[in-house]
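Q: Got entry07.cif for you, mmCIF, C-alpha atoms and all ligand atoms:
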data_query
#
loop_
_atom_site.label_atom_id
_atom_site.label_comp_id
_atom_site.auth_asym_id
_atom_site.auth_seq_id
_atom_site.Cartn_x
_atom_site.Cartn_y
_atom_site.Cartn_z
CA GLY C 107 0.00 0.00 0.00
CA THR C 108 0.88 3.66 -0.17
CA PRO C 109 3.07 4.79 2.73
CA VAL C 110 1.82 7.70 4.81
CA TRP C 111 4.84 9.86 3.98
CA GLN C 112 4.11 9.58 0.26
CA ARG C 113 0.48 10.56 0.70
CA GLU C 114 1.55 13.54 2.78
CA LEU C 115 4.04 14.68 0.15
CA ARG C 116 1.51 14.32 -2.64
CA GLU C 117 -0.98 16.48 -0.78
CA GLN C 118 1.49 19.33 -1.02
CA PHE C 119 0.90 19.64 -4.79
CA PRO C 120 -2.29 21.65 -5.34
CA ILE C 121 -2.37 21.05 -9.10
CA LEU C 122 -2.60 17.31 -8.40
CA THR C 123 -5.11 17.38 -5.55
CA GLY C 124 -7.18 19.87 -7.59
CA HIS C 125 -7.43 17.49 -10.58
CA PRO C 126 -8.21 14.05 -9.18
CA ASP C 127 -9.27 12.73 -12.61
CA LEU C 128 -5.96 13.58 -14.27
CA VAL C 129 -2.68 11.73 -13.90
CA TYR C 130 0.52 13.68 -14.56
CA LEU C 131 3.16 11.40 -16.08
CA ASP C 132 5.45 13.94 -17.73
CA SER C 133 7.78 14.97 -14.94
CA ALA C 134 10.87 14.42 -17.10
CA ALA C 135 9.64 17.41 -19.13
CA THR C 136 8.88 19.51 -16.08
CA ALA C 137 7.95 18.79 -12.49
CA GLN C 138 4.92 20.04 -10.57
CA LYS C 139 5.45 22.53 -7.75
CA PRO C 140 4.72 22.03 -4.04
CA TYR C 141 3.13 24.71 -1.85
CA ALA C 142 6.55 25.45 -0.35
CA VAL C 143 7.76 26.70 -3.74
CA LEU C 144 4.54 28.55 -4.59
CA ASP C 145 4.55 30.19 -1.16
CA ALA C 146 8.20 31.23 -1.41
CA VAL C 147 7.48 32.87 -4.77
CA GLN C 148 4.43 34.71 -3.45
CA ARG C 149 6.24 35.76 -0.29
CA TYR C 150 9.20 37.09 -2.21
CA LEU C 151 7.11 39.01 -4.74
CA THR C 152 4.87 40.50 -2.07
CA THR C 153 7.53 41.40 0.47
CA SER C 154 10.90 42.13 -1.12
CA ASN C 155 10.87 42.08 -4.92
CA ALA C 156 13.72 44.27 -6.21
CA ASN C 157 16.82 43.92 -8.34
CA ALA C 158 19.81 42.01 -7.00
CA GLY C 159 23.35 43.17 -6.45
CA ARG C 160 22.74 46.91 -6.41
CA GLY C 161 21.06 47.42 -3.12
CA THR C 162 20.97 50.52 -1.02
CA TYR C 163 17.63 49.65 0.57
CA PRO C 164 16.25 46.55 2.32
CA TRP C 165 14.29 44.92 -0.52
CA ALA C 166 17.33 44.98 -2.81
CA ASN C 167 19.59 43.67 -0.06
CA ARG C 168 17.09 40.94 0.72
CA THR C 169 16.97 39.96 -2.96
CA THR C 170 20.76 39.76 -3.10
CA ASP C 171 20.75 37.64 0.06
CA LEU C 172 18.17 35.26 -1.38
CA VAL C 173 20.17 34.80 -4.59
CA GLU C 174 23.30 34.05 -2.59
CA ARG C 175 21.34 31.74 -0.34
CA THR C 176 20.23 29.68 -3.35
CA ARG C 177 23.83 29.55 -4.60
CA ARG C 178 24.83 28.14 -1.22
CA ARG C 179 21.90 25.72 -1.29
CA VAL C 180 22.96 24.37 -4.70
CA ARG C 181 26.38 23.52 -3.24
CA GLU C 182 24.82 21.93 -0.16
CA PHE C 183 22.24 20.03 -2.15
CA LEU C 184 24.98 18.54 -4.34
CA HIS C 185 27.13 17.78 -1.26
CA ASP C 186 29.96 19.83 -2.74
CA PRO C 187 33.05 18.67 -0.82
CA GLU C 188 35.04 21.81 -1.66
CA PRO C 189 32.61 24.73 -1.82
CA GLU C 190 35.43 27.26 -1.65
CA ARG C 191 36.85 25.94 -4.95
CA SER C 192 33.62 25.66 -6.91
CA ALA C 193 31.41 28.07 -8.81
CA VAL C 194 27.62 28.11 -9.14
CA HIS C 195 26.05 30.04 -12.00
CA PHE C 196 22.36 30.46 -12.61
CA THR C 197 20.94 29.79 -16.04
CA SER C 198 17.53 29.40 -17.66
CA GLY C 199 17.92 25.61 -17.74
CA THR C 200 20.14 22.78 -18.83
CA THR C 201 20.22 23.90 -22.47
CA GLU C 202 21.62 27.32 -21.56
CA GLY C 203 23.95 25.81 -18.96
CA LEU C 204 25.57 23.40 -21.41
CA ARG C 205 25.90 26.23 -23.94
CA ALA C 206 27.70 28.33 -21.36
CA VAL C 207 30.17 25.57 -20.53
CA ALA C 208 30.87 25.06 -24.24
CA ARG C 209 31.14 28.71 -25.20
CA ASP C 210 32.79 30.27 -22.17
CA TRP C 211 34.91 27.46 -20.79
CA LEU C 212 35.65 24.84 -23.44
CA VAL C 213 36.23 26.93 -26.57
CA PRO C 214 39.12 29.01 -25.15
CA LEU C 215 40.74 25.83 -23.86
CA LEU C 216 41.01 23.78 -27.05
CA ASP C 217 43.96 23.60 -29.43
CA ASP C 218 44.34 22.36 -32.97
CA GLY C 219 44.15 18.55 -33.01
CA ASP C 220 42.35 18.19 -29.69
CA GLU C 221 39.49 15.74 -29.31
CA ILE C 222 36.31 15.87 -27.30
CA LEU C 223 33.92 13.01 -26.55
CA VAL C 224 30.24 13.86 -26.55
CA PRO C 225 26.96 11.89 -26.52
CA PHE C 226 25.33 11.38 -29.91
CA HIS C 227 22.31 9.51 -28.50
CA ASP C 228 21.26 11.60 -25.55
CA HIS C 229 19.33 14.87 -25.38
CA ARG C 230 19.98 17.29 -28.23
CA ALA C 231 20.83 19.98 -25.69
CA ASN C 232 23.94 17.93 -24.88
CA LEU C 233 25.16 17.63 -28.47
CA ASP C 234 24.45 20.95 -30.21
CA PRO C 235 26.69 23.12 -27.99
CA TRP C 236 29.74 20.92 -28.53
CA GLN C 237 29.25 20.79 -32.29
CA GLU C 238 28.75 24.55 -32.24
CA ALA C 239 32.04 24.90 -30.36
CA GLN C 240 33.74 22.84 -33.05
CA ARG C 241 32.31 25.13 -35.79
CA LEU C 242 33.36 28.24 -33.94
CA LEU C 243 36.90 26.95 -33.54
CA ALA C 244 37.06 25.82 -37.16
CA GLU C 245 36.26 29.38 -38.26
CA ARG C 246 39.35 30.47 -36.35
CA GLY C 247 41.47 27.79 -37.95
CA THR C 248 41.49 25.44 -34.96
CA GLY C 249 40.55 21.91 -35.95
CA VAL C 250 38.93 19.98 -33.13
CA ARG C 251 37.61 16.45 -33.50
CA VAL C 252 34.21 15.71 -31.98
CA ARG C 253 33.96 11.99 -31.29
CA ALA C 254 30.89 10.05 -30.21
CA LEU C 255 30.87 8.60 -26.73
CA PRO C 256 30.47 4.93 -27.64
CA TYR C 257 26.95 3.90 -26.93
CA GLN C 258 25.19 0.56 -26.63
CA ALA C 259 21.57 0.63 -27.76
CA SER C 260 20.68 -2.67 -26.12
CA SER C 261 21.57 -1.47 -22.65
CA GLY C 262 20.84 2.23 -23.12
CA ASP C 263 24.22 2.94 -21.52
CA TYR C 264 27.56 4.08 -22.82
CA ASP C 265 29.66 1.24 -24.16
CA HIS C 266 32.26 1.28 -21.46
CA ARG C 267 34.45 -1.29 -23.17
CA ALA C 268 34.60 0.62 -26.48
CA LEU C 269 35.28 3.78 -24.51
CA THR C 270 38.83 2.75 -23.79
CA ASP C 271 39.50 2.83 -27.55
CA ALA C 272 37.74 6.15 -28.04
CA VAL C 273 39.95 7.89 -25.48
CA GLY C 274 43.31 9.04 -26.77
CA PRO C 275 46.20 11.31 -25.76
CA ARG C 276 44.39 14.28 -27.34
CA THR C 277 41.09 13.75 -25.48
CA ARG C 278 40.55 17.02 -23.64
CA PHE C 279 36.94 16.88 -22.52
CA VAL C 280 33.94 14.59 -22.10
CA ALA C 281 30.29 15.57 -22.07
CA ALA C 282 27.96 12.93 -20.64
CA THR C 283 24.50 12.42 -19.22
CA HIS C 284 23.64 11.24 -15.73
CA VAL C 285 20.22 9.65 -16.32
CA HIS C 286 18.99 9.16 -19.87
CA HIS C 287 15.81 11.10 -20.70
CA VAL C 288 14.39 8.33 -22.89
CA TYR C 289 15.58 5.12 -21.23
CA GLY C 290 15.71 6.27 -17.63
CA GLY C 291 18.88 4.32 -16.94
CA ASP C 292 21.86 5.50 -14.97
CA MET C 293 24.74 6.20 -17.36
CA ASN C 294 27.40 4.84 -14.97
CA VAL C 295 29.58 7.90 -14.62
CA HIS C 296 32.08 6.07 -12.43
CA ARG C 297 32.94 3.77 -15.32
CA LEU C 298 33.28 6.77 -17.58
CA ARG C 299 35.79 8.33 -15.21
CA ALA C 300 37.69 5.05 -15.01
CA ALA C 301 37.92 4.92 -18.81
CA VAL C 302 39.06 8.51 -19.41
CA GLY C 303 41.49 8.69 -16.51
CA PRO C 304 41.81 11.21 -13.70
CA ASP C 305 42.74 14.34 -15.67
CA VAL C 306 40.06 14.79 -18.34
CA PRO C 307 37.22 17.13 -17.33
CA ILE C 308 33.74 15.60 -17.45
CA CYS C 309 30.63 17.75 -17.85
CA LEU C 310 27.47 16.04 -16.65
CA ASP C 311 23.97 16.78 -17.93
CA ALA C 312 22.07 16.09 -14.72
CA ALA C 313 18.68 17.33 -15.96
CA GLN C 314 17.05 13.97 -15.16
CA SER C 315 18.84 13.21 -11.92
CA VAL C 316 18.88 16.36 -9.78
CA GLY C 317 15.74 16.25 -7.68
CA HIS C 318 15.05 12.64 -8.57
CA GLN C 319 17.87 10.83 -6.83
CA PRO C 320 20.91 11.70 -4.71
CA VAL C 321 23.51 13.61 -6.73
CA ARG C 322 26.41 13.68 -4.30
CA LEU C 323 29.71 15.18 -5.32
CA ASP C 324 31.35 13.90 -2.14
CA ASP C 325 30.85 10.41 -3.56
CA PRO C 326 34.07 9.32 -5.33
CA ALA C 327 31.86 7.54 -7.88
CA LEU C 328 30.66 10.96 -9.08
CA ASP C 329 33.99 12.55 -9.95
CA VAL C 330 32.82 15.14 -12.48
CA ASP C 331 33.79 18.74 -13.15
CA PHE C 332 30.47 20.27 -14.18
CA VAL C 333 26.94 19.46 -13.07
CA VAL C 334 24.34 21.14 -15.26
CA PHE C 335 20.66 20.96 -14.40
CA SER C 336 17.24 22.57 -14.83
CA GLY C 337 15.49 24.05 -11.81
CA HIS C 338 12.04 23.52 -13.32
CA LYS C 339 12.56 19.75 -13.47
CA ALA C 340 13.47 19.94 -9.78
CA MET C 341 10.19 21.65 -8.78
CA ALA C 342 11.35 25.26 -9.18
CA LEU C 343 9.83 27.71 -11.67
CA PRO C 344 10.42 27.44 -15.43
CA GLY C 345 13.38 29.45 -16.70
CA THR C 346 15.66 28.38 -13.86
CA GLY C 347 18.71 26.20 -13.79
CA ALA C 348 22.30 26.12 -12.62
CA VAL C 349 25.81 25.11 -13.55
CA TRP C 350 28.03 23.86 -10.76
CA ALA C 351 31.73 23.85 -11.67
CA ARG C 352 34.40 22.14 -9.60
CA ASN C 353 37.22 24.37 -10.93
CA ALA C 354 39.83 21.70 -10.25
CA ARG C 355 40.83 20.59 -13.75
CA GLY C 356 41.44 23.59 -15.97
CA PRO C 357 40.66 27.28 -15.57
CA ALA C 358 37.85 28.64 -13.40
CA PHE C 359 34.43 28.75 -15.03
CA ARG C 360 33.59 32.42 -15.66
CA PRO C 361 30.59 32.63 -17.92
CA THR C 362 29.81 35.80 -19.79
CA GLY C 363 26.42 37.16 -20.68
CA TRP C 364 24.67 37.28 -17.31
CA GLN C 365 25.58 40.78 -16.29
CA GLY C 366 21.98 41.95 -16.47
CA THR C 367 19.10 41.35 -14.09
CA PRO C 368 19.02 37.71 -12.98
CA ASN C 369 15.81 35.69 -12.78
CA THR C 370 15.47 36.58 -9.11
CA VAL C 371 12.07 35.01 -8.58
CA GLY C 372 13.18 31.82 -10.35
CA ILE C 373 16.31 31.67 -8.21
CA VAL C 374 14.21 32.16 -5.06
CA SER C 375 11.96 29.31 -6.23
CA LEU C 376 15.01 27.10 -6.78
CA GLY C 377 16.19 27.68 -3.22
CA ALA C 378 12.76 26.72 -1.89
CA ALA C 379 12.60 23.68 -4.18
CA LEU C 380 15.98 22.39 -2.99
CA ASP C 381 14.86 22.86 0.63
CA TRP C 382 11.73 20.85 -0.12
CA LEU C 383 13.60 18.09 -1.94
CA ASP C 384 16.19 17.78 0.81
CA ALA C 385 13.44 17.46 3.39
CA ALA C 386 11.60 14.87 1.27
CA GLY C 387 14.91 13.01 0.87
CA PRO C 388 16.43 12.37 -2.59
CA ASP C 389 17.14 8.77 -1.60
CA ARG C 390 13.54 8.14 -0.57
CA ILE C 391 12.29 9.86 -3.74
CA ALA C 392 14.54 7.62 -5.87
CA ARG C 393 13.40 4.42 -4.13
CA TRP C 394 9.77 5.37 -4.64
CA THR C 395 10.00 6.35 -8.31
CA THR C 396 12.20 3.38 -9.13
CA ALA C 397 9.71 1.03 -7.48
CA LEU C 398 6.85 2.56 -9.51
CA THR C 399 8.93 2.34 -12.67
CA THR C 400 9.62 -1.32 -11.99
CA ARG C 401 5.93 -1.90 -11.34
CA LEU C 402 5.02 -0.46 -14.74
CA THR C 403 7.89 -2.09 -16.63
CA ASP C 404 7.12 -5.53 -15.25
CA ARG C 405 3.50 -5.22 -16.42
CA LEU C 406 4.53 -3.93 -19.86
CA ARG C 407 6.98 -6.77 -20.37
CA LEU C 408 4.12 -9.24 -20.15
CA LEU C 409 2.44 -7.63 -23.15
CA ASP C 410 3.81 -8.61 -26.55
CA ALA C 411 2.16 -5.59 -28.16
CA TYR C 412 4.61 -3.24 -26.46
CA GLU C 413 8.29 -2.69 -26.98
CA VAL C 414 10.05 -1.06 -24.03
CA LEU C 415 13.01 0.94 -25.30
CA GLY C 416 16.62 0.55 -24.19
CA CYS C 417 18.03 -0.42 -20.87
CA GLN C 418 18.20 -4.06 -19.86
CA THR C 419 16.23 -5.33 -22.81
CA SER C 420 16.96 -8.83 -21.65
CA LEU C 421 14.08 -11.04 -20.59
CA ALA C 422 14.76 -10.43 -16.92
CA ALA C 423 12.01 -8.43 -15.30
CA ASP C 424 13.16 -5.13 -13.83
CA SER C 425 12.18 -6.34 -10.38
CA ALA C 426 14.84 -9.05 -10.72
CA LEU C 427 17.58 -6.43 -11.11
CA PRO C 428 19.34 -4.70 -8.23
CA HIS C 429 17.82 -1.29 -7.47
CA GLU C 430 20.76 0.63 -9.01
CA GLN C 431 20.41 -1.10 -12.37
CA ARG C 432 16.74 -0.39 -12.85
CA ARG C 433 15.15 2.50 -14.68
CA HIS C 434 14.76 5.62 -12.63
CA GLY C 435 11.37 7.23 -13.14
CA ILE C 436 11.27 6.97 -16.93
CA VAL C 437 9.78 4.28 -19.18
CA THR C 438 9.57 4.78 -22.94
CA PHE C 439 7.71 2.34 -25.13
CA ARG C 440 5.92 1.75 -28.42
CA HIS C 441 2.81 -0.17 -29.33
CA ARG C 442 3.32 -2.55 -32.25
CA ASP C 443 0.23 -1.31 -34.13
CA ILE C 444 -0.86 1.99 -32.63
CA PRO C 445 1.19 5.04 -33.72
CA SER C 446 2.64 6.87 -30.75
CA ASP C 447 0.72 10.11 -31.17
CA ASP C 448 -2.54 8.13 -31.34
CA LEU C 449 -1.51 6.21 -28.25
CA GLY C 450 -0.81 9.49 -26.47
CA PHE C 451 -4.24 10.75 -27.47
CA ILE C 452 -5.95 7.56 -26.28
CA LEU C 453 -4.11 7.74 -22.98
CA PHE C 454 -5.20 11.33 -22.46
CA SER C 455 -8.80 10.34 -23.10
CA HIS C 456 -8.32 8.22 -19.96
CA GLY C 457 -6.78 11.14 -18.10
CA PHE C 458 -3.09 10.23 -18.46
CA MET C 459 -0.70 13.01 -19.48
CA VAL C 460 2.36 11.47 -21.14
CA ARG C 461 4.90 12.60 -23.70
CA ALA C 462 4.30 11.21 -27.19
CA ASP C 463 6.80 12.28 -29.86
CA SER C 464 10.47 12.03 -30.77
CA LEU C 465 11.62 13.24 -27.32
CA CYS C 466 14.41 15.63 -28.49
CA GLN C 467 16.78 12.70 -28.73
CA ALA C 468 19.79 13.46 -30.91
CA GLY C 469 19.78 11.36 -34.06
CA ALA C 470 16.14 10.24 -33.71
CA GLY C 471 13.81 11.15 -36.57
CA GLU C 472 10.03 11.49 -36.79
CA ARG C 473 9.59 7.77 -37.36
CA ASP C 474 11.11 7.16 -33.96
CA GLY C 475 8.08 8.43 -32.11
CA SER C 476 7.38 6.76 -28.80
CA VAL C 477 5.43 7.27 -25.61
CA ARG C 478 7.29 8.30 -22.48
CA VAL C 479 5.93 7.90 -18.99
CA SER C 480 7.94 9.81 -16.43
CA LEU C 481 7.34 9.95 -12.70
CA HIS C 482 8.07 11.88 -9.59
CA VAL C 483 7.57 11.30 -5.90
CA TYR C 484 3.94 12.46 -6.12
CA ASN C 485 2.86 9.61 -8.41
CA THR C 486 1.12 6.62 -6.86
CA GLU C 487 0.90 2.86 -7.27
CA GLU C 488 -2.77 3.26 -8.04
CA GLU C 489 -1.97 5.58 -10.98
CA ILE C 490 0.52 3.06 -12.36
CA ASP C 491 -1.95 0.20 -12.00
CA ARG C 492 -4.67 2.20 -13.75
CA LEU C 493 -2.28 3.02 -16.57
CA SER C 494 -1.19 -0.62 -16.84
CA ASP C 495 -4.84 -1.69 -17.04
CA VAL C 496 -5.55 0.76 -19.88
CA LEU C 497 -2.40 -0.34 -21.73
CA THR C 498 -3.45 -3.96 -21.29
CA SER C 499 -6.90 -3.21 -22.67
CA LEU C 500 -5.25 -1.81 -25.83
CA VAL C 501 -3.49 -5.06 -26.66
N1 LIG S 601 19.10 17.36 -21.02
C1 LIG S 601 18.24 16.40 -20.68
C2 LIG S 601 18.76 15.02 -20.35
C3 LIG S 601 16.87 16.68 -20.61
O1 LIG S 601 16.02 15.71 -20.28
C4 LIG S 601 16.42 18.00 -20.91
C5 LIG S 601 14.95 18.37 -20.84
N2 LIG S 601 14.09 17.47 -21.49
C6 LIG S 601 17.35 18.96 -21.25
C7 LIG S 601 18.68 18.61 -21.28
C8 LIG S 601 16.95 20.38 -21.56
O2 LIG S 601 16.50 21.04 -20.41
P1 LIG S 601 15.88 22.51 -20.47
O3 LIG S 601 14.74 22.45 -21.41
O4 LIG S 601 15.45 22.80 -19.08
O5 LIG S 601 16.96 23.43 -20.94
#
Show how you would write the structure in this file as structure tokens.
A:
Amino acid sequence: GTPVWQRELREQFPILTGHPDLVYLDSAATAQKPYAVLDAVQRYLTTSNANAGRGTYPWANRTTDLVERTRRRVREFLHDPEPERSAVHFTSGTTEGLRAVARDWLVPLLDDGDEILVPFHDHRANLDPWQEAQRLLAERGTGVRVRALPYQASSGDYDHRALTDAVGPRTRFVAATHVHHVYGGDMNVHRLRAAVGPDVPICLDAAQSVGHQPVRLDDPALDVDFVVFSGHKAMALPGTGAVWARNARGPAFRPTGWQGTPNTVGIVSLGAALDWLDAAGPDRIARWTTALTTRLTDRLRLLDAYEVLGCQTSLAADSALPHEQRRHGIVTFRHRDIPSDDLGFILFSHGFMVRADSLCQAGAGERDGSVRVSLHVYNTEEEIDRLSDVLTSLV
């Protein structure tokens, strides 16, 4: 049955309690917001809204304090072991964050003949900026090779064996993803670090992990140099995000282009969201969403009409796998006969809000449409069972 703590957390989302007939299953696109975030936004806008960093009166000083508080909270939330050596920069989301790392940090660093390894099968936002960097450098006469992080479609993970061959003496940088936005699997960053060695900077797209599971930089298994994430997927307002930079390998991260007014209200909402998530417990959130994901995947596997994409496509049920190897909050599938947009439409006629298209995956065309169900801590076993019943009825 549903534990009391989960029911109590769910009740903190007014959009969910206000729409009992609808089931939100698109949290990988954006997460719903708890009262704590809504209240923090309202409180800020009704008590101290002003511009940051130029204060000669209390509202402006308060705004500056709140922005700095969120910066501190990002470090704490990520368990930054060396906060005095890191930088936190606010962005509008993961897309802008990855662009900033490419444009302001990577481009000035690269020399003719250097190589970078980037994901060709993950989110587009984690491919375009690196290819753009290559173009920019080429215009200046600097030839940089962009190589694909070897990828294994059957497991939905990087091909850690082939990686050893892809890494060479000129490899200067790796861009990777923490949790895949289509397959929901953990991309095994520790094995990536082992393959590239201790000196190559790794930039991690953590859009699908921050807020969903522990992302702890004090864990030696997460030895990365950049963590880029979207605040709105972690229950803050849209148009928020952050880049955390370790500043240990290479020059300090000093992005340009944010000298104007920051998204103060978004940054305030991010601070409140991180407070809420820490109190809810990232570990508990992960165990809950992974259990629900397993519950859905095990039902889907029994139905020949559905193909579940990527990630442990073996016959073993997800529930037979250790917790760490299961999907985390994301299941993407196709029906053998029903086109994905039709399936999305049918599911909505039953109240289920899912994503049904090509999912912004790099290299995937229109024909690769699929349906993605993505969860957060507010989803329930009952919602998953109802969805499974509808999917079964469509066989
Ligand atoms: N990377 C991944 C893995 C994502 O899932 C997403 C959002 N779908 C993004 C990047 C882009 O995030 P945003 O739209 O907040 O910039």
Q: From the set C:Tyr412, C:Phe451, C:Tyr289, C:Phe332, which residue has the shortest atom-to-atom contact distance to C:Ala134, counting all atoms listed in the file?
A: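 Between C:Tyr412, C:Phe451, C:Tyr289, C:Phe332, the residue approaching C:Ala134 most closely is C:Tyr289.
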Q: Around ligand LIG 601 (chain S), out to 6 Å and counting all atoms listed in the file, which residues are there? I want them as a PDB file with C-alpha atoms, in the coordinates of the input.
A:
ATOM      1  CA  ALA C 135       9.640  17.410 -19.130  1.00  0.00           C
ATOM      2  CA  GLY C 199      17.920  25.610 -17.740  1.00  0.00           C
ATOM      3  CA  THR C 200      20.140  22.780 -18.830  1.00  0.00           C
ATOM      4  CA  THR C 201      20.220  23.900 -22.470  1.00  0.00           C
ATOM      5  CA  HIS C 229      19.330  14.870 -25.380  1.00  0.00           C
ATOM      6  CA  ALA C 231      20.830  19.980 -25.690  1.00  0.00           C
ATOM      7  CA  HIS C 286      18.990   9.160 -19.870  1.00  0.00           C
ATOM      8  CA  HIS C 287      15.810  11.100 -20.700  1.00  0.00           C
ATOM      9  CA  ASP C 311      23.970  16.780 -17.930  1.00  0.00           C
ATOM     10  CA  ALA C 313      18.680  17.330 -15.960  1.00  0.00           C
ATOM     11  CA  GLN C 314      17.050  13.970 -15.160  1.00  0.00           C
ATOM     12  CA  SER C 336      17.240  22.570 -14.830  1.00  0.00           C
TER      13      SER C 336
END
Q: Residues at most 7 Å from C:Val129, counting only C-alpha atoms, excluding those fewer than 6 positions away in the same chain, as a PyMOL selection string?
A: chain C and resi 457-459+489
Q: Within 6 Å of (20.2, 20.0, 0.2), in the coordinates the file gives, what residues turn up when you count all atoms listed in the file, written out as a PyMOL selection string?
A: chain C and resi 182-183+380+384
Q: Print the selection's residues with C-alpha atoms to a file, as a PDB file, in the coordinates of the input.
A:
ATOM      1  CA  GLU C 182      24.820  21.930  -0.160  1.00  0.00           C
ATOM      2  CA  PHE C 183      22.240  20.030  -2.150  1.00  0.00           C
ATOM      3  CA  LEU C 380      15.980  22.390  -2.990  1.00  0.00           C
ATOM      4  CA  ASP C 384      16.190  17.780   0.810  1.00  0.00           C
TER       5      ASP C 384
END
Q: Under the rule that only C-alpha atoms are counted, which of C:Leu383, C:Val194, C:Val207, C:Val437 is the nearest residue to C:Arg178?
A: C:Val194
Q: What is the distance, in Å and to one decimal place, between atom CA of C:Phe119 and atom CA of C:Thr403?
A: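 Between these atoms lies a distance of 25.7 Å.
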Q: What is the distance between atom CA of C:Ala142 and atom CA of C:Asn157, in Å to one decimal?
A: 22.6 Å
Q: Show me, as a PyMOL selection string, the residues that have an atom within 12 Å of C:Leu144 when counting all atoms listed in the file, minus same-chain residues fewer than 5 positions from it.
A: chain C and resi 118-121+138-139+149-151+341-343+371-372+374-379+382
Q: Tell me which protein, DNA and RNA residues are within 8 Å of C:Ala254, counting all atoms listed in the file, leaving out same-chain ones fewer than 6 positions away, and put them as an NGL selection string.
A: :C and (223-226)
Q: Between atom CA of C:Ser446 and atom CA of C:Asp463, what is the distance in Å, rounded to a tenth?
A: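 Interatomic distance here is 6.9 Å.
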